[in-house]
Amino acid sequence: MKCNKVRERLLTDYRDGELDRRECEKIDSHLRDCGACKKFQEEILKFAVVSPEGSGELRPGPEVWDRIRSAIFEEEPEAGWLTGVSERLRFLLKPAPLIRMAFAVALILVTVVMARVPGDMPEQRAMSDYLTEQAVFFSALGSGDSEFPDDDGGSGDLGFLDFV
Amino acid sequence: MREIEKDLIEKAARGDGAAFREIYDRTSGYVYTLAYRVTGMKHDAEEVTQDVFVRLYRSLGSFKFEASFKTWLYRVTVNSALNHSKKWKGIRMKERGEIREDIEATDASEVSKSLEKEDAGREAKGFLERLNPDQRACLVLREIEGMNYAGIAETLGINLNTVRSRLKRARESLVRMGRRGGE
Ligand SMILES: [Zn+2]
């Protein structure tokens, strides 16, 4: 076997255990007789090694998961827009209970004012119902991690009763 | 990394967030480490990890169990890491080219000094980083992940002879660099 063929194998198949026994023996016998190839093999063993830098597994920081989570939630409003909206609102409102509470109170006030306006237009009543619903929704967010007031079989704790 | 059970994947595919989180907890260290070894940069490895898991989430529903989950993860991670290093390498080369053009009119010696420093820094970091990303990926899969040629070929979507020639060129470069370093 010629030196360049041997060296090619030394860099690849021989080194990586991809040769059958017969082929390996041919190379071994060449190495016994050829000092230059033997030296080349030593250089490979010395220089062409990958030190697995501590070889231990590294771990990504917690912010990587946060970014994955927000990328996933942002892309799927079709999973039910309400879930998406509540997810986003909860994210927005969670750090600021006061703002959350103020928002709910404001909605309730508007509802009360709407209810007191004389006249009984259907649009008005629909608007008022809508605002009531919103107030309940926001105060439910205020009560903690529960989904919607009717989700868990009526815990009864709608939160907004606490501060009305 | 242990193989992930089929029913955990199915659970996650049905929208079970806790199941997805469990898959992340059990495999993200592995993905991140592999990405780091291919790109050589922690910041790139983070971006690759993010990319891999967002892609995983999107493909959960259509995941075929013919290929093992582990193989899928290998392939997506290494390919994403390769795209990443190529993209950034291109941008960095372009920036350096622009710097070189800029300095023709200004103080050339200052900037070339800083470029030399940058090269020296890279050398200190290790010869492995100086291989091209394709060669490095093959070497990492072979030497650190212990894959055989067929496994590397499948993971990277290349043929056996390409695996062989990349490993050959990678090791030749390492030997050359080693000789120069020893002088
Ligand atoms: Zn020889």
# chains A, B, ... in the order shown; residues from 1 in each chain; ligands from 1
call {"tool": "interface_residues", "arguments": {"of": "chain A", "to": "chain B", "cutoff": "10 Å", "atoms": "only C-alpha atoms", "output": "PyMOL selection string"}}
result
chain A and resi 7-13+16-18+40+43-53+55-61+63-72+75-76+79
call {"tool": "write_last_selection", "arguments": {"atoms": "N, CA and C atoms", "output": "CSV table (one decimal), in the first residue's frame"}}
result
chain,number,residue,atom,x,y,z
A,7,ARG,N,-1.8,7.3,4.7
A,7,ARG,CA,-2.0,8.5,5.5
A,7,ARG,C,-3.4,9.0,5.4
A,8,GLU,N,-4.0,8.8,4.3
A,8,GLU,CA,-5.5,9.1,4.1
A,8,GLU,C,-6.3,8.3,5.1
A,9,ARG,N,-6.0,7.0,5.2
A,9,ARG,CA,-6.7,6.1,6.1
A,9,ARG,C,-6.4,6.5,7.6
A,10,LEU,N,-5.1,6.9,7.8
A,10,LEU,CA,-4.8,7.3,9.2
A,10,LEU,C,-5.6,8.5,9.7
A,11,LEU,N,-5.9,9.3,8.7
A,11,LEU,CA,-6.6,10.5,9.1
A,11,LEU,C,-8.1,10.3,9.2
A,12,THR,N,-8.6,9.2,8.6
A,12,THR,CA,-10.0,8.9,8.6
A,12,THR,C,-10.4,7.5,9.1
A,13,ASP,N,-10.6,6.6,8.2
A,13,ASP,CA,-11.2,5.3,8.6
A,13,ASP,C,-10.4,4.5,9.6
A,16,ASP,N,-10.9,6.2,12.9
A,16,ASP,CA,-12.3,6.1,13.4
A,16,ASP,C,-12.9,4.8,13.5
A,17,GLY,N,-12.1,3.7,13.3
A,17,GLY,CA,-12.6,2.4,13.5
A,17,GLY,C,-13.6,2.0,12.4
A,18,GLU,N,-13.4,2.6,11.2
A,18,GLU,CA,-14.4,2.2,10.1
A,18,GLU,C,-13.8,1.2,9.2
A,40,PHE,N,3.9,10.4,11.1
A,40,PHE,CA,2.6,11.1,10.7
A,40,PHE,C,1.5,10.6,11.7
A,43,GLU,N,1.9,12.3,14.9
A,43,GLU,CA,1.4,13.7,14.9
A,43,GLU,C,-0.1,13.8,14.9
A,44,ILE,N,-0.7,12.9,14.3
A,44,ILE,CA,-2.2,12.9,14.3
A,44,ILE,C,-2.7,12.7,15.8
A,45,LEU,N,-2.1,11.8,16.4
A,45,LEU,CA,-2.5,11.5,17.8
A,45,LEU,C,-2.2,12.6,18.8
A,46,LYS,N,-1.1,13.4,18.4
A,46,LYS,CA,-0.7,14.5,19.2
A,46,LYS,C,-1.5,15.8,19.0
A,47,PHE,N,-1.8,16.1,17.7
A,47,PHE,CA,-2.4,17.4,17.3
A,47,PHE,C,-3.8,17.3,17.0
A,48,ALA,N,-4.3,16.2,16.3
A,48,ALA,CA,-5.6,16.2,15.8
A,48,ALA,C,-6.6,15.6,16.9
A,49,VAL,N,-6.5,16.1,18.1
A,49,VAL,CA,-7.4,15.6,19.1
A,49,VAL,C,-8.3,16.7,19.5
A,50,VAL,N,-9.5,16.4,19.8
A,50,VAL,CA,-10.5,17.4,20.2
A,50,VAL,C,-10.6,17.2,21.7
A,51,SER,N,-10.2,18.2,22.5
A,51,SER,CA,-10.4,18.1,23.9
A,51,SER,C,-11.8,18.5,24.2
A,52,PRO,N,-12.6,17.6,24.8
A,52,PRO,CA,-14.0,17.9,25.0
A,52,PRO,C,-14.2,19.0,26.2
A,53,GLU,N,-13.4,20.0,26.2
A,53,GLU,CA,-13.5,21.1,27.2
A,53,GLU,C,-14.3,20.7,28.5
A,55,SER,N,-15.7,18.2,29.0
A,55,SER,CA,-16.6,17.2,28.5
A,55,SER,C,-17.9,17.1,29.2
A,56,GLY,N,-18.1,18.0,30.2
A,56,GLY,CA,-19.4,18.0,30.9
A,56,GLY,C,-20.5,18.7,30.1
A,57,GLU,N,-21.7,18.5,30.4
A,57,GLU,CA,-22.8,19.2,29.7
A,57,GLU,C,-23.0,20.6,30.3
A,58,LEU,N,-23.1,21.6,29.4
A,58,LEU,CA,-23.4,22.9,29.8
A,58,LEU,C,-24.9,23.1,29.9
A,59,ARG,N,-25.3,24.2,30.5
A,59,ARG,CA,-26.8,24.4,30.6
A,59,ARG,C,-27.1,25.9,30.1
A,60,PRO,N,-28.1,26.1,29.3
A,60,PRO,CA,-28.4,27.4,28.9
A,60,PRO,C,-29.0,28.2,30.1
A,61,GLY,N,-28.9,29.5,30.2
A,61,GLY,CA,-29.4,30.3,31.3
A,61,GLY,C,-30.9,30.3,31.2
A,63,GLU,N,-33.0,32.7,30.9
A,63,GLU,CA,-33.6,33.6,29.9
A,63,GLU,C,-33.9,32.9,28.6
A,64,VAL,N,-33.2,31.8,28.3
A,64,VAL,CA,-33.4,31.1,27.0
A,64,VAL,C,-34.8,30.5,27.0
A,65,TRP,N,-35.2,29.9,28.1
A,65,TRP,CA,-36.5,29.4,28.2
A,65,TRP,C,-37.6,30.5,28.1
A,66,ASP,N,-37.3,31.6,28.8
A,66,ASP,CA,-38.3,32.7,28.7
A,66,ASP,C,-38.5,33.2,27.3
A,67,ARG,N,-37.4,33.2,26.5
A,67,ARG,CA,-37.5,33.7,25.2
A,67,ARG,C,-38.3,32.7,24.3
A,68,ILE,N,-38.0,31.4,24.6
A,68,ILE,CA,-38.7,30.3,23.8
A,68,ILE,C,-40.2,30.4,24.1
A,69,ARG,N,-40.5,30.6,25.4
A,69,ARG,CA,-41.9,30.7,25.8
A,69,ARG,C,-42.6,31.8,25.2
A,70,SER,N,-42.0,33.0,25.2
A,70,SER,CA,-42.7,34.1,24.6
A,70,SER,C,-42.8,34.0,23.1
A,71,ALA,N,-41.8,33.4,22.4
A,71,ALA,CA,-41.9,33.2,21.0
A,71,ALA,C,-43.0,32.2,20.6
A,72,ILE,N,-43.2,31.2,21.5
A,72,ILE,CA,-44.3,30.3,21.2
A,72,ILE,C,-45.7,30.9,21.4
A,75,GLU,N,-46.8,33.4,18.7
A,75,GLU,CA,-47.1,32.9,17.4
A,75,GLU,C,-48.5,32.2,17.3
A,76,GLU,N,-49.1,32.0,18.4
A,76,GLU,CA,-50.3,31.2,18.2
A,76,GLU,C,-51.6,31.8,18.8
A,79,ALA,N,-54.9,29.5,18.8
A,79,ALA,CA,-55.2,28.5,19.8
A,79,ALA,C,-56.4,28.9,20.6
call {"tool": "residues_near_ligand", "arguments": {"ligand": "ligand 1", "cutoff": "9 Å", "atoms": "only C-alpha atoms and all ligand atoms", "output": "list in words"}}
result
Met1, Lys2, Cys3, Asn4, Lys5, Val6, Arg7, His30, Leu31, Asp33, Cys34, Gly35, Ala36, Cys37, Lys38 and Phe40 of chain A
call {"tool": "write_last_selection", "arguments": {"atoms": "all heavy atoms", "output": "short mmCIF file (atom, residue, chain, number, x, y, z; two decimals), in the first residue's frame"}}
result
data_model
loop_
_atom_site.label_atom_id
_atom_site.label_comp_id
_atom_site.auth_asym_id
_atom_site.auth_seq_id
_atom_site.Cartn_x
_atom_site.Cartn_y
_atom_site.Cartn_z
N MET A 1 0.83 -1.21 0.00
CA MET A 1 0.00 0.00 0.00
C MET A 1 0.87 1.26 0.00
O MET A 1 1.88 1.31 0.71
CB MET A 1 -0.91 0.01 1.25
CG MET A 1 -2.09 0.95 1.10
SD MET A 1 -3.08 1.01 2.60
CE MET A 1 -4.27 -0.28 2.29
N LYS A 2 0.47 2.25 -0.81
CA LYS A 2 1.29 3.46 -0.92
C LYS A 2 1.12 4.38 0.29
O LYS A 2 0.06 4.41 0.91
CB LYS A 2 0.90 4.21 -2.19
CG LYS A 2 1.40 3.56 -3.45
CD LYS A 2 1.45 4.57 -4.58
CE LYS A 2 2.08 3.94 -5.81
NZ LYS A 2 1.26 4.10 -7.01
N CYS A 3 2.18 5.17 0.55
CA CYS A 3 2.16 6.05 1.72
C CYS A 3 0.96 7.00 1.73
O CYS A 3 0.32 7.19 2.77
CB CYS A 3 3.45 6.86 1.80
SG CYS A 3 4.87 5.86 2.26
N ASN A 4 0.64 7.61 0.58
CA ASN A 4 -0.45 8.60 0.63
C ASN A 4 -1.80 7.95 0.94
O ASN A 4 -2.65 8.52 1.62
CB ASN A 4 -0.49 9.48 -0.63
CG ASN A 4 -0.76 8.68 -1.88
OD1 ASN A 4 -0.64 7.44 -1.87
ND2 ASN A 4 -1.10 9.35 -2.94
N LYS A 5 -1.99 6.72 0.44
CA LYS A 5 -3.21 5.97 0.76
C LYS A 5 -3.25 5.67 2.27
O LYS A 5 -4.28 5.81 2.93
CB LYS A 5 -3.26 4.64 -0.01
CG LYS A 5 -4.02 4.73 -1.31
CD LYS A 5 -5.48 4.33 -1.04
CE LYS A 5 -6.38 4.53 -2.26
NZ LYS A 5 -6.85 5.90 -2.47
N VAL A 6 -2.12 5.25 2.79
CA VAL A 6 -2.03 4.93 4.22
C VAL A 6 -2.35 6.16 5.05
O VAL A 6 -3.15 6.11 5.99
CB VAL A 6 -0.62 4.39 4.58
CG1 VAL A 6 -0.46 4.28 6.09
CG2 VAL A 6 -0.40 3.03 3.94
N ARG A 7 -1.76 7.29 4.67
CA ARG A 7 -1.99 8.52 5.45
C ARG A 7 -3.43 8.98 5.41
O ARG A 7 -3.96 9.50 6.40
CB ARG A 7 -1.06 9.63 4.96
CG ARG A 7 0.37 9.28 5.33
CD ARG A 7 1.35 10.30 4.88
NE ARG A 7 2.67 9.72 5.00
CZ ARG A 7 3.80 10.40 4.93
NH1 ARG A 7 3.78 11.71 4.73
NH2 ARG A 7 4.94 9.79 5.05
N HIS A 30 2.26 -1.76 7.27
CA HIS A 30 2.97 -0.62 6.63
C HIS A 30 3.65 0.26 7.69
O HIS A 30 4.79 0.68 7.52
CB HIS A 30 1.99 0.21 5.79
CG HIS A 30 2.64 1.36 5.08
ND1 HIS A 30 3.02 1.31 3.76
CD2 HIS A 30 2.99 2.60 5.51
CE1 HIS A 30 3.57 2.47 3.42
NE2 HIS A 30 3.55 3.27 4.46
N LEU A 31 2.96 0.48 8.77
CA LEU A 31 3.50 1.34 9.83
C LEU A 31 4.76 0.75 10.47
O LEU A 31 5.64 1.46 10.92
CB LEU A 31 2.44 1.60 10.91
CG LEU A 31 1.27 2.51 10.51
CD1 LEU A 31 0.24 2.58 11.63
CD2 LEU A 31 1.76 3.91 10.15
N ASP A 33 6.98 -0.84 8.89
CA ASP A 33 8.12 -0.70 7.97
C ASP A 33 8.42 0.73 7.56
O ASP A 33 9.50 1.01 7.04
CB ASP A 33 7.85 -1.52 6.69
CG ASP A 33 7.66 -2.98 7.01
OD1 ASP A 33 8.23 -3.42 8.03
OD2 ASP A 33 6.91 -3.66 6.28
N CYS A 34 7.45 1.65 7.74
CA CYS A 34 7.63 3.00 7.20
C CYS A 34 7.68 4.04 8.33
O CYS A 34 6.66 4.36 8.94
CB CYS A 34 6.50 3.32 6.23
SG CYS A 34 6.58 5.01 5.59
N GLY A 35 8.88 4.54 8.56
CA GLY A 35 9.08 5.51 9.64
C GLY A 35 8.32 6.81 9.43
O GLY A 35 7.78 7.39 10.38
N ALA A 36 8.25 7.27 8.18
CA ALA A 36 7.58 8.54 7.88
C ALA A 36 6.09 8.47 8.21
O ALA A 36 5.52 9.38 8.83
CB ALA A 36 7.79 8.91 6.42
N CYS A 37 5.46 7.37 7.83
CA CYS A 37 4.03 7.23 8.12
C CYS A 37 3.79 7.05 9.63
O CYS A 37 2.81 7.53 10.18
CB CYS A 37 3.43 6.05 7.35
SG CYS A 37 3.15 6.45 5.61
N LYS A 38 4.71 6.34 10.25
CA LYS A 38 4.62 6.15 11.70
C LYS A 38 4.68 7.51 12.41
O LYS A 38 3.91 7.79 13.33
CB LYS A 38 5.78 5.26 12.16
CG LYS A 38 5.78 4.92 13.65
CD LYS A 38 4.67 3.93 13.99
CE LYS A 38 4.40 3.92 15.49
NZ LYS A 38 3.06 3.44 15.81
N PHE A 40 3.88 10.36 11.05
CA PHE A 40 2.64 11.08 10.74
C PHE A 40 1.51 10.63 11.69
O PHE A 40 0.75 11.45 12.21
CB PHE A 40 2.25 10.82 9.28
CG PHE A 40 1.08 11.63 8.82
CD1 PHE A 40 1.17 13.02 8.72
CD2 PHE A 40 -0.13 11.02 8.47
CE1 PHE A 40 0.09 13.78 8.29
CE2 PHE A 40 -1.21 11.77 8.04
CZ PHE A 40 -1.11 13.16 7.95
#
call {"tool": "atom_distance", "arguments": {"atom1": "CA of Asp16 in chain B", "atom2": "CA of Leu73 in chain B"}}
result
19.8 Å
